[in-house]
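Data file: entry-v3.txt. Format and content: compact mmCIF, C-alpha atoms.
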```
# COMPACT_ATOMS: atom_id res chain seq x y z
CA MET A 649 25.69 -3.91 29.82
CA THR A 650 24.70 -3.10 26.23
CA SER A 651 24.14 0.61 25.63
CA THR A 652 21.12 2.05 23.82
CA THR A 653 23.38 3.07 20.94
CA GLU A 654 24.75 -0.46 20.59
CA GLN A 655 21.25 -1.93 20.66
CA PHE A 656 20.19 0.49 17.94
CA ALA A 657 23.24 -0.39 15.82
CA ASP A 658 22.36 -4.10 16.05
CA LEU A 659 18.73 -3.59 14.99
CA SER A 660 19.19 -4.39 11.29
CA ALA A 661 21.35 -7.46 11.96
CA THR A 662 18.36 -9.82 11.89
CA THR A 663 18.26 -13.41 10.65
CA LEU A 664 14.47 -13.66 10.29
CA LEU A 665 12.83 -14.18 6.88
CA ARG A 666 9.07 -13.99 6.42
CA PHE A 667 7.90 -15.70 3.24
CA ALA A 668 4.64 -16.85 1.69
CA THR A 669 3.84 -19.64 -0.73
CA ALA A 670 1.23 -19.27 -3.46
CA GLY A 671 0.06 -21.17 -6.49
CA SER A 672 -2.95 -22.76 -8.11
CA VAL A 673 -4.85 -25.74 -6.72
CA ASP A 674 -2.78 -28.96 -6.67
CA ASP A 675 0.45 -27.19 -7.61
CA GLY A 676 1.98 -28.67 -4.46
CA LYS A 677 2.37 -25.74 -2.08
CA SER A 678 1.65 -27.68 1.08
CA THR A 679 3.83 -30.55 -0.10
CA LEU A 680 6.69 -28.13 -0.71
CA VAL A 681 6.32 -26.64 2.76
CA GLY A 682 6.09 -30.12 4.28
CA ARG A 683 9.23 -31.13 2.41
CA LEU A 684 11.06 -28.03 3.66
CA LEU A 685 10.06 -28.80 7.24
CA HIS A 686 10.87 -32.51 6.95
CA ASP A 687 14.18 -32.29 5.13
CA SER A 688 15.44 -29.41 7.28
CA LYS A 689 14.65 -31.58 10.34
CA SER A 690 12.09 -29.10 11.66
CA VAL A 691 9.35 -31.69 12.32
CA LEU A 692 8.81 -33.16 15.79
CA THR A 693 8.62 -36.93 16.10
CA ASP A 694 5.00 -36.96 17.26
CA GLN A 695 3.99 -34.70 14.33
CA MET A 696 5.62 -37.06 11.86
CA GLU A 697 3.99 -40.08 13.48
CA ALA A 698 0.56 -38.43 13.18
CA VAL A 699 1.15 -37.70 9.48
CA GLU A 700 2.29 -41.29 8.88
CA ALA A 701 -0.82 -42.62 10.63
CA VAL A 702 -3.23 -40.49 8.60
CA SER A 703 -1.40 -41.34 5.37
CA ALA A 704 -1.60 -45.08 6.17
CA GLN A 705 -5.34 -44.79 6.84
CA ARG A 706 -5.72 -43.36 3.33
CA GLY A 707 -3.78 -46.25 1.85
CA GLN A 708 -0.78 -44.13 0.91
CA GLU A 709 2.57 -45.89 0.94
CA ALA A 710 4.63 -42.79 1.76
CA PRO A 711 3.79 -40.05 4.30
CA ASP A 712 1.79 -37.17 2.80
CA LEU A 713 3.96 -34.23 3.83
CA ALA A 714 1.19 -31.75 2.90
CA LEU A 715 -0.55 -32.81 6.12
CA LEU A 716 2.13 -30.98 8.09
CA THR A 717 0.50 -27.69 7.07
CA ASP A 718 -3.07 -28.59 6.09
CA GLY A 719 -4.36 -28.65 9.65
CA LEU A 720 -8.10 -28.04 9.19
CA ARG A 721 -10.32 -31.12 8.91
CA ALA A 722 -11.94 -29.74 5.75
CA GLU A 723 -8.51 -29.24 4.21
CA ARG A 724 -7.52 -32.83 4.86
CA GLU A 725 -10.82 -34.23 3.61
CA GLN A 726 -10.76 -32.22 0.37
CA GLY A 727 -7.02 -32.34 -0.18
CA ILE A 728 -6.80 -28.55 -0.58
CA THR A 729 -5.58 -25.62 1.48
CA ILE A 730 -8.36 -23.29 2.66
CA ASP A 731 -6.88 -21.09 5.37
CA VAL A 732 -3.45 -19.48 5.68
CA ALA A 733 -1.21 -21.85 7.64
CA TYR A 734 1.65 -20.16 9.49
CA ARG A 735 4.67 -22.20 10.45
CA TYR A 736 7.95 -21.40 12.18
CA PHE A 737 11.18 -23.24 11.54
CA ALA A 738 14.87 -22.53 11.68
CA THR A 739 18.17 -23.66 10.26
CA ALA A 740 21.70 -22.87 11.39
CA ARG A 741 21.74 -19.87 9.04
CA ARG A 742 18.34 -18.21 9.45
CA ARG A 743 14.94 -18.29 11.17
CA PHE A 744 11.76 -18.46 9.10
CA ILE A 745 8.08 -17.61 9.43
CA LEU A 746 6.17 -19.02 6.47
CA ALA A 747 2.60 -18.55 5.36
CA ASP A 748 1.19 -21.37 3.25
CA THR A 749 -1.65 -19.66 1.38
CA PRO A 750 -4.57 -21.27 -0.50
CA GLY A 751 -4.48 -21.83 -4.24
CA HIS A 752 -8.17 -21.88 -5.16
CA VAL A 753 -9.33 -18.66 -6.81
CA GLN A 754 -12.01 -18.09 -4.16
CA TYR A 755 -9.30 -17.95 -1.49
CA THR A 756 -7.02 -15.48 -3.27
CA ARG A 757 -7.97 -13.00 -0.54
CA ASN A 758 -6.04 -15.18 1.90
CA MET A 759 -2.87 -14.69 -0.13
CA VAL A 760 -3.21 -10.94 0.46
CA THR A 761 -3.14 -11.70 4.18
CA GLY A 762 -0.16 -14.03 3.96
CA ALA A 763 1.93 -11.86 1.64
CA SER A 764 1.20 -8.49 3.27
CA THR A 765 4.15 -8.86 5.67
CA ALA A 766 6.30 -11.16 3.54
CA ASP A 767 9.86 -10.42 2.46
CA LEU A 768 9.67 -13.12 -0.21
CA ALA A 769 6.95 -14.98 -2.10
CA VAL A 770 7.32 -18.48 -3.51
CA VAL A 771 4.96 -18.88 -6.48
CA LEU A 772 4.50 -22.49 -7.54
CA VAL A 773 3.68 -23.60 -11.07
CA ASP A 774 2.79 -27.13 -12.16
CA ALA A 775 5.33 -27.95 -14.87
CA ARG A 776 2.59 -29.74 -16.85
CA ASN A 777 0.28 -26.71 -16.92
CA GLY A 778 2.67 -23.77 -17.11
CA VAL A 779 1.67 -20.19 -16.27
CA ILE A 780 -2.10 -19.93 -15.84
CA GLU A 781 -4.44 -17.10 -14.78
CA GLN A 782 -4.07 -17.87 -11.08
CA THR A 783 -0.30 -17.72 -11.47
CA ARG A 784 -0.61 -14.27 -12.98
CA ARG A 785 -2.99 -13.21 -10.21
CA HIS A 786 -0.51 -14.28 -7.54
CA ALA A 787 2.31 -12.44 -9.31
CA ALA A 788 0.13 -9.32 -9.46
CA VAL A 789 -0.70 -9.52 -5.74
CA ALA A 790 3.00 -9.94 -4.88
CA ALA A 791 3.85 -6.92 -7.03
CA LEU A 792 1.08 -4.78 -5.53
CA LEU A 793 2.16 -5.67 -2.00
CA ARG A 794 5.74 -4.72 -2.91
CA VAL A 795 7.16 -8.10 -1.96
CA PRO A 796 10.84 -7.51 -2.80
CA HIS A 797 11.78 -11.09 -3.78
CA VAL A 798 9.79 -13.65 -5.78
CA VAL A 799 10.80 -17.28 -6.31
CA LEU A 800 9.21 -19.16 -9.21
CA ALA A 801 9.21 -22.82 -8.17
CA VAL A 802 8.42 -24.96 -11.21
CA ASN A 803 7.09 -28.05 -9.45
CA LYS A 804 6.42 -31.64 -10.53
CA MET A 805 9.43 -31.69 -12.84
CA ASP A 806 9.45 -35.49 -12.33
CA LEU A 807 6.17 -35.66 -14.27
CA VAL A 808 7.69 -33.99 -17.35
CA GLY A 809 10.83 -36.10 -17.39
CA TYR A 810 12.96 -33.36 -15.79
CA GLU A 811 13.11 -31.64 -19.19
CA GLU A 812 15.14 -28.42 -19.19
CA LYS A 813 13.18 -26.91 -22.10
CA VAL A 814 9.90 -27.21 -20.16
CA PHE A 815 11.39 -25.33 -17.22
CA ALA A 816 13.04 -22.72 -19.44
CA ALA A 817 9.81 -21.88 -21.29
CA ILE A 818 7.83 -21.44 -18.06
CA ALA A 819 10.59 -19.39 -16.43
CA GLU A 820 10.84 -17.09 -19.44
CA GLU A 821 7.08 -16.48 -19.61
CA PHE A 822 6.69 -15.82 -15.88
CA THR A 823 9.77 -13.60 -15.63
CA ALA A 824 8.57 -11.41 -18.50
CA TYR A 825 5.13 -11.05 -16.91
CA ALA A 826 6.38 -10.34 -13.38
CA SER A 827 9.03 -7.92 -14.62
CA ASN A 828 6.34 -5.87 -16.38
CA LEU A 829 4.58 -5.65 -13.01
CA GLY A 830 7.73 -4.20 -11.47
CA VAL A 831 8.82 -7.18 -9.37
CA PRO A 832 12.46 -6.28 -8.60
CA GLU A 833 13.94 -9.78 -8.27
CA ILE A 834 12.76 -13.10 -9.71
CA THR A 835 14.54 -16.42 -9.14
CA ALA A 836 13.35 -19.54 -11.00
CA ILE A 837 14.06 -22.98 -9.53
CA PRO A 838 13.00 -26.37 -11.00
CA ILE A 839 11.79 -28.72 -8.25
CA SER A 840 9.86 -31.84 -7.35
CA ALA A 841 8.39 -31.27 -3.89
CA LEU A 842 7.14 -34.87 -3.74
CA ALA A 843 10.53 -36.40 -4.57
CA GLY A 844 12.58 -33.68 -2.86
CA ASP A 845 14.49 -32.51 -5.95
CA ASN A 846 16.09 -29.06 -5.39
CA VAL A 847 14.03 -28.34 -2.29
CA VAL A 848 16.64 -28.86 0.39
CA GLU A 849 19.10 -31.13 -1.44
CA PRO A 850 20.34 -30.62 -5.03
CA SER A 851 18.69 -32.86 -7.60
CA ALA A 852 20.62 -35.67 -9.25
CA ASN A 853 18.00 -35.68 -12.01
CA MET A 854 18.60 -32.11 -13.22
CA ASP A 855 22.34 -31.73 -13.70
CA TRP A 856 21.59 -29.00 -16.26
CA TYR A 857 20.50 -26.70 -13.40
CA GLY A 858 23.33 -24.96 -11.55
CA GLY A 859 21.41 -22.60 -9.28
CA PRO A 860 20.51 -22.82 -5.58
CA THR A 861 17.96 -25.12 -3.99
CA VAL A 862 14.86 -23.52 -2.51
CA LEU A 863 16.22 -23.69 1.04
CA GLU A 864 19.65 -22.40 0.00
CA HIS A 865 18.03 -19.38 -1.64
CA LEU A 866 15.81 -18.76 1.39
CA GLU A 867 18.87 -18.88 3.64
CA THR A 868 20.95 -16.49 1.57
CA VAL A 869 18.57 -13.97 -0.03
CA PRO A 870 19.41 -10.49 1.30
CA VAL A 871 16.58 -9.12 3.42
CA SER A 872 16.42 -5.76 5.14
CA HIS A 873 14.17 -5.26 8.17
CA ASP A 874 15.52 -1.80 8.88
CA LEU A 875 12.29 0.12 9.50
CA THR A 876 14.41 2.89 10.98
CA ALA A 877 15.41 4.07 7.51
CA CYS A 878 11.90 5.51 6.99
CA PRO A 879 10.59 8.71 8.62
CA ALA A 880 9.18 8.12 12.10
CA ARG A 881 5.47 7.35 12.35
CA PHE A 882 3.71 6.76 15.67
CA PRO A 883 -0.01 5.86 15.51
CA VAL A 884 -1.57 6.49 18.93
CA GLN A 885 -3.37 3.45 20.32
CA TYR A 886 -4.24 4.61 23.81
CA VAL A 887 -4.00 7.70 26.02
CA ILE A 888 -2.70 6.95 29.52
CA ARG A 889 -3.87 9.24 32.32
CA PRO A 890 -3.69 7.47 35.72
CA GLN A 891 -4.73 10.59 37.69
CA SER A 892 -3.49 8.83 40.81
CA ALA A 893 -1.76 10.22 43.87
CA GLU A 894 1.53 8.84 42.56
CA HIS A 895 1.06 10.21 39.03
CA PRO A 896 -1.39 13.11 39.29
CA ASP A 897 -0.30 14.89 36.10
CA TYR A 898 0.94 11.99 33.95
CA ARG A 899 -0.28 12.06 30.35
CA GLY A 900 1.22 9.54 27.95
CA TYR A 901 0.41 8.35 24.46
CA ALA A 902 0.90 4.62 23.98
CA GLY A 903 1.40 2.74 20.73
CA GLN A 904 3.80 0.88 18.48
CA ILE A 905 6.28 2.82 16.38
CA ALA A 906 5.39 1.93 12.78
CA SER A 907 8.67 3.18 11.31
CA GLY A 908 11.67 5.37 12.01
CA VAL A 909 13.29 6.60 15.21
CA LEU A 910 11.97 8.94 17.91
CA ARG A 911 14.19 10.86 20.35
CA VAL A 912 13.62 12.92 23.48
CA GLY A 913 13.83 16.61 22.59
CA GLU A 914 12.55 16.08 19.04
CA ALA A 915 9.93 18.46 17.64
CA VAL A 916 6.83 16.55 16.52
CA THR A 917 3.52 17.25 14.81
CA VAL A 918 0.23 15.61 15.75
CA LEU A 919 -1.96 14.72 12.77
CA PRO A 920 -4.54 15.41 11.54
CA SER A 921 -4.83 18.46 13.83
CA GLY A 922 -1.40 19.83 12.88
CA ARG A 923 -0.60 20.86 16.47
CA THR A 924 3.11 20.78 17.36
CA SER A 925 5.04 19.96 20.51
CA THR A 926 8.26 18.37 21.73
CA ILE A 927 8.96 14.90 23.10
CA VAL A 928 9.98 15.26 26.74
CA GLY A 929 9.94 11.59 27.67
CA ILE A 930 9.80 8.07 26.22
CA ASP A 931 8.74 5.19 28.47
CA ALA A 932 9.52 1.64 27.38
CA LEU A 933 9.15 -1.51 29.49
CA GLY A 934 8.71 0.49 32.66
CA ALA A 935 11.81 2.61 32.20
CA SER A 936 12.57 5.99 30.65
CA VAL A 937 14.75 5.97 27.54
CA ASP A 938 16.19 8.66 25.31
CA ILE A 939 15.56 6.93 21.99
CA ALA A 940 13.12 4.39 20.57
CA TRP A 941 12.68 2.82 17.16
CA ALA A 942 10.33 0.66 15.12
CA PRO A 943 8.76 -1.73 15.92
CA GLN A 944 9.01 -1.01 19.65
CA SER A 945 5.89 -0.37 21.73
CA VAL A 946 6.39 2.74 23.85
CA THR A 947 4.62 5.60 25.58
CA LEU A 948 5.45 9.17 24.51
CA ARG A 949 5.19 12.20 26.77
CA LEU A 950 4.94 15.64 25.17
CA ALA A 951 5.75 19.11 26.47
CA ASP A 952 2.26 20.46 25.77
CA ASP A 953 -1.22 19.26 26.75
CA ILE A 954 -2.66 18.69 23.29
CA ASP A 955 -5.99 17.09 22.48
CA ILE A 956 -4.75 13.71 21.29
CA SER A 957 -6.78 10.50 21.02
CA ARG A 958 -6.62 7.04 19.50
CA GLY A 959 -6.09 7.25 15.76
CA ASP A 960 -3.94 10.37 15.79
CA LEU A 961 -0.47 10.12 14.26
CA ILE A 962 2.67 11.63 15.83
CA ALA A 963 5.53 12.33 13.40
CA PRO A 964 8.69 14.48 13.30
CA SER A 965 7.74 18.02 12.30
CA SER A 966 10.47 18.05 9.67
CA LYS A 967 9.15 14.88 7.95
CA ALA A 968 5.44 14.87 8.70
CA PRO A 969 3.19 13.32 6.02
CA ALA A 970 0.54 15.40 4.27
CA THR A 971 -3.07 14.82 5.24
CA THR A 972 -5.81 14.26 2.70
CA GLN A 973 -9.48 13.44 2.39
CA ASP A 974 -9.12 12.18 -1.19
CA VAL A 975 -7.45 8.78 -1.25
CA GLU A 976 -6.32 7.31 -4.58
CA ALA A 977 -5.21 3.72 -4.28
CA THR A 978 -5.08 0.23 -5.70
CA VAL A 979 -7.21 -2.32 -3.88
CA CYS A 980 -7.54 -6.09 -3.81
CA HIS A 981 -11.24 -6.81 -3.30
CA VAL A 982 -11.63 -9.66 -0.83
CA ALA A 983 -15.36 -9.72 0.06
CA ASP A 984 -18.13 -11.74 -1.54
CA GLN A 985 -20.32 -8.68 -2.04
CA PRO A 986 -19.23 -6.25 -4.80
CA LEU A 987 -17.69 -2.86 -4.11
CA SER A 988 -19.60 -0.26 -6.12
CA VAL A 989 -19.26 3.43 -6.87
CA GLY A 990 -21.16 5.38 -4.21
CA ALA A 991 -20.71 2.71 -1.53
CA ARG A 992 -20.46 4.00 2.02
CA VAL A 993 -17.56 2.35 3.81
CA LEU A 994 -15.22 2.67 6.76
CA ILE A 995 -11.53 3.10 6.04
CA LYS A 996 -9.13 1.78 8.67
CA HIS A 997 -5.62 3.24 8.50
CA THR A 998 -3.23 2.24 11.32
CA THR A 999 -5.27 2.91 14.48
CA ARG A 1000 -7.66 5.40 12.86
CA THR A 1001 -11.08 4.47 11.43
CA VAL A 1002 -13.18 7.05 9.57
CA LYS A 1003 -16.28 7.09 7.36
CA ALA A 1004 -15.80 7.31 3.60
CA ILE A 1005 -17.52 7.07 0.22
CA VAL A 1006 -16.21 5.28 -2.86
CA LYS A 1007 -16.23 8.17 -5.33
CA GLU A 1008 -14.78 6.43 -8.39
CA ILE A 1009 -13.50 3.09 -9.62
CA PRO A 1010 -11.40 4.32 -12.55
CA SER A 1011 -10.17 0.92 -13.68
CA ARG A 1012 -9.97 -2.82 -13.10
CA LEU A 1013 -6.83 -4.77 -13.92
CA THR A 1014 -7.07 -7.41 -16.65
CA LEU A 1015 -4.58 -10.08 -15.61
CA ASP A 1016 -4.06 -11.63 -19.05
CA ASP A 1017 -2.32 -8.63 -20.61
CA LEU A 1018 -2.08 -6.18 -17.66
CA SER A 1019 -4.41 -3.75 -19.41
CA GLN A 1020 -6.73 -1.47 -17.44
CA HIS A 1021 -10.45 -1.98 -18.04
CA PRO A 1022 -11.85 1.55 -17.59
CA ASN A 1023 -14.79 2.45 -15.35
CA PRO A 1024 -15.99 -1.05 -14.45
CA GLY A 1025 -18.55 0.39 -12.00
CA GLN A 1026 -17.77 -2.20 -9.36
CA LEU A 1027 -15.19 -4.70 -8.17
CA VAL A 1028 -16.08 -8.27 -7.27
CA ALA A 1029 -14.24 -10.86 -5.18
CA ASN A 1030 -10.56 -11.22 -6.13
CA ASP A 1031 -10.62 -8.21 -8.50
CA ILE A 1032 -7.70 -5.78 -8.44
CA GLY A 1033 -8.55 -2.20 -9.33
CA ARG A 1034 -8.01 1.50 -8.77
CA VAL A 1035 -10.36 3.43 -6.50
CA VAL A 1036 -10.85 7.02 -5.40
CA VAL A 1037 -12.25 7.34 -1.88
CA ARG A 1038 -13.44 10.51 -0.14
CA THR A 1039 -13.07 10.40 3.66
CA ALA A 1040 -15.08 12.28 6.27
CA GLU A 1041 -11.91 13.23 8.16
CA PRO A 1042 -8.31 13.78 7.00
CA LEU A 1043 -5.90 10.85 6.97
CA ALA A 1044 -2.10 11.02 7.21
CA LEU A 1045 -1.25 8.47 4.52
CA ASP A 1046 2.18 7.70 3.14
CA ALA A 1047 2.59 6.20 -0.32
CA TYR A 1048 2.61 2.42 -0.07
CA ALA A 1049 5.81 2.37 -2.12
CA ASP A 1050 7.48 4.31 0.72
CA SER A 1051 5.95 2.47 3.67
CA ARG A 1052 4.01 -0.79 3.69
CA ARG A 1053 2.90 -0.01 7.26
CA THR A 1054 1.48 3.50 6.89
CA GLY A 1055 0.62 3.33 3.18
CA SER A 1056 -1.87 0.49 3.58
CA PHE A 1057 -5.49 0.49 4.72
CA LEU A 1058 -8.66 -1.59 4.83
CA LEU A 1059 -12.11 -0.80 3.48
CA ILE A 1060 -14.76 -2.14 5.86
CA ASP A 1061 -18.53 -2.62 5.58
CA PRO A 1062 -20.00 -0.32 8.28
CA ALA A 1063 -23.07 -2.55 8.62
CA ASP A 1064 -21.40 -5.75 9.78
CA GLY A 1065 -17.66 -5.06 9.99
CA THR A 1066 -16.76 -7.26 7.01
CA THR A 1067 -13.43 -6.45 5.38
CA LEU A 1068 -14.19 -5.43 1.79
CA ALA A 1069 -10.79 -4.62 0.33
CA ALA A 1070 -7.13 -4.22 1.17
CA GLY A 1071 -5.75 -0.95 -0.18
CA MET A 1072 -2.32 0.39 -1.14
CA ALA A 1073 -2.14 4.18 -1.38
CA GLY A 1074 -0.47 5.98 -4.25
CA GLU A 1075 1.12 4.37 -7.30
CA SER A 1076 0.37 0.72 -7.97
CA PHE A 1077 2.76 -1.34 -10.08
CA ALA A 1078 6.25 0.10 -10.28
CA SER A 1079 6.36 0.22 -14.09
CA GLN A 1080 2.70 0.87 -14.88
CA ALA A 1081 1.33 4.24 -16.01
CA GLU A 1082 -1.54 5.32 -13.80
CA THR A 1083 -5.01 6.18 -15.03
CA THR A 1084 -5.69 9.91 -14.77
CA VAL A 1085 -8.61 10.63 -12.45
CA GLN A 1086 -10.69 13.71 -13.07
CA ALA A 1087 -12.01 15.27 -9.86
CA ASP A 1088 -15.76 15.57 -9.62
CA GLU A 1089 -17.11 16.97 -6.38
CA GLU A 1090 -20.78 16.64 -7.30
CA GLY A 1091 -22.70 14.44 -4.89
CA TRP A 1092 -20.37 14.57 -1.87
CA ASP A 1093 -22.23 14.85 1.38
CA PHE A 1094 -19.17 15.57 3.51
```
Can you present the structure in this file as structure tokens?
Amino acid sequence: MTSTTEQFADLSATTLLRFATAGSVDDGKSTLVGRLLHDSKSVLTDQMEAVEAVSAQRGQEAPDLALLTDGLRAEREQGITIDVAYRYFATARRRFILADTPGHVQYTRNMVTGASTADLAVVLVDARNGVIEQTRRHAAVAALLRVPHVVLAVNKMDLVGYEEKVFAAIAEEFTAYASNLGVPEITAIPISALAGDNVVEPSANMDWYGGPTVLEHLETVPVSHDLTACPARFPVQYVIRPQSAEHPDYRGYAGQIASGVLRVGEAVTVLPSGRTSTIVGIDALGASVDIAWAPQSVTLRLADDIDISRGDLIAPSSKAPATTQDVEATVCHVADQPLSVGARVLIKHTTRTVKAIVKEIPSRLTLDDLSQHPNPGQLVANDIGRVVVRTAEPLALDAYADSRRTGSFLLIDPADGTTLAAGMAGESFASQAETTVQADEEGWDF
């Protein structure tokens, strides 16, 4: 029987890669994903037969592999991707969960969804068009979301005669732009998703390229899923009090460990109250254990009867985050209605939702040259900008650079529950100087 220690030691030995595709309209994202699925033999026979039938009805000689991911009727009719399509496939070397995200500017918000949990982003560029504004927007979103690996797939190389100089110019421009955003690793690969060049098999048409194919890179890129390296964070989802004859005094706090490791006997602090106690028991899958780690779902039992409810955060006393009511962050605005200074919103952080006011919008990012447009007054759909938000109650936020789980939040319209913006607390781009925000308390009503 495997011991708890051995299970813990094996935690980081994962073979799962989450990745997202992004690019402008008609850059070939869905075709690339379809080619990956087809050439890696991850398509079932009945799926392929359905694609062949639809393609034949359209008068196409060859199967349209984009149909393997464009599942909505509107997507097929318009020939574009609208929603995020998630697909699972596997090779002998690694398992994959991919998110095929839309390319149209009005659906950029969907890329935020697809890339928020990604370990790698594949940004497609049409070799005929080069780097365009939407390409820069996708690079900026990947950088903001701290996606550690970015692949630049220069697609449709067959339409530019497989010219090396075309690929080299696009790769140089994109790499310079993404590097300025702080993207840590950029790999450029010339491909033709339609013909299959350098997707799964090396291309015979580009002997000047000596790098990996897309699939080879996906199989070999180093990815760490070791959430245990971060300080422990346990957002409480539910308080369990059976008050039954069998368990008259049981009080447990259920939730999913967002990061780190928790142990019986460890001193912990409950935030935002600041009350302290000690873990006396951890229940997981109906059994008591001595240790638990992210992303396990467990129930904690504490030595003291503390007033704890959904939304509270339990953390080791030695590494507890600071609480604040003044949140400075970068946001990607995803709603149709603008976000303006003075707007009353809800901010959802882990399991906690509190009222807030948008105090300032210090700047909006200009994607062409990465300059900051000061004091825009509001953000509209697909804008990326800095905000200062004052909350009605303290939040225990980590910097997004330290934890993607506990450094992120949503801004929500309190009237109808619409998600307004996805936020990343603390510094934004790794190499960008932040705008200084002058505090101004006038006008706060909490």
For this session: May I ask which of the residues A:Val771, A:Ala826, A:Val993, A:Leu875 is the closest one to Ser1051 in chain A, counting all atoms listed in the file?
Result: A:Leu875
Problem set entry | Point-to-point distance in Å for CA of Val808 in chain A and CA of Trp856 in chain A | 14.8 Å
Problem set entry | Residues within 6 Å of Leu1013 in chain A, only C-alpha atoms, excluding chain neighbours under 4 positions, as a ChimeraX atom specification | /A:1020,1032-1033
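As for CA of Asp806 in chain A and CA of Pro838 in chain A, they are spaced 9.9 Å apart.
Shortest separation to Thr972 in chain A among A:Ile954, A:Leu994, A:Leu1027, A:Val1037 occurs at residue A:Val1037, atoms counted being all atoms listed in the file.
Take the candidates A:Ala880, A:Lys689, A:Glu821, A:Thr835 and check each one against Ala942 in chain A using only C-alpha atoms; the shortest distance goes to A:Ala880.
Residues in contact range of range 911-913 of chain A, defined as at most 6 Å between all atoms listed in the file, with sequence neighbours fewer than 2 positions away removed, read Thr926, Ile927, Val928, Gly929, Asp938 and Ile939 of chain A.
Across the structure, CA of Asn803 in chain A and CA of Ala787 in chain A are spaced 16.3 Å apart.
For the set A:Tyr734, A:Tyr857, A:Tyr886, A:Tyr825, the residue with the smallest atom-to-atom gap to Ser957 in chain A is A:Tyr886, counting all atoms listed in the file.
Counting all atoms listed in the file, the residue from A:Leu793, A:Leu1015, A:Val916, A:Ser936 that sits nearest to Asp1050 in chain A is A:Leu793.
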Problem set entry | Nearby residues (only C-alpha atoms) at most 8 Å from Pro943 in chain A, same-chain spacing under 4 positions excluded, as a list in words | Leu875, Gln904, Ile905, Ala906 and Ser907 of chain A
Show me, as lines of an AutoDock Vina configuration file, the centre and edge lengths in Å to one decimal of the axis-aligned box that covers every listed atom of range 743-750 of chain A with 6 Å on each side.
```
center_x = 5.2
center_y = -19.5
center_z = 5.3
size_x = 31.5
size_y = 15.8
size_z = 23.7
```
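For the residues A:Thr947, A:Ser1076, A:Asn853, A:Ser1056, ranking by smallest atom-to-atom distance to Ser1011 in chain A using all atoms listed in the file places A:Ser1076 first.
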Exercise. Using all atoms listed in the file, which residues sit within 6 Å of Val909 in chain A once same-chain residues fewer than 2 positions away are excluded, as a list in words?
Worked result: Thr876, Ala880, Ala940 and Trp941 of chain A
Only C-alpha atoms, please: the residues just picked out, written as a short mmCIF file (atom, residue, chain, number, x, y, z; two decimals), in the coordinates of the input.
```
data_model
loop_
_atom_site.label_atom_id
_atom_site.label_comp_id
_atom_site.auth_asym_id
_atom_site.auth_seq_id
_atom_site.Cartn_x
_atom_site.Cartn_y
_atom_site.Cartn_z
CA THR A 876 14.41 2.89 10.98
CA ALA A 880 9.18 8.12 12.10
CA ALA A 940 13.12 4.39 20.57
CA TRP A 941 12.68 2.82 17.16
#
```
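The neighbours of Ala836 in chain A here are the residues that come within 8 Å of it, using all atoms listed in the file and leaving out any residue fewer than 2 positions away in the same chain; they are Val799, Leu800, Ala801, Val802, Ala819, Ile834 and Pro838 of chain A.
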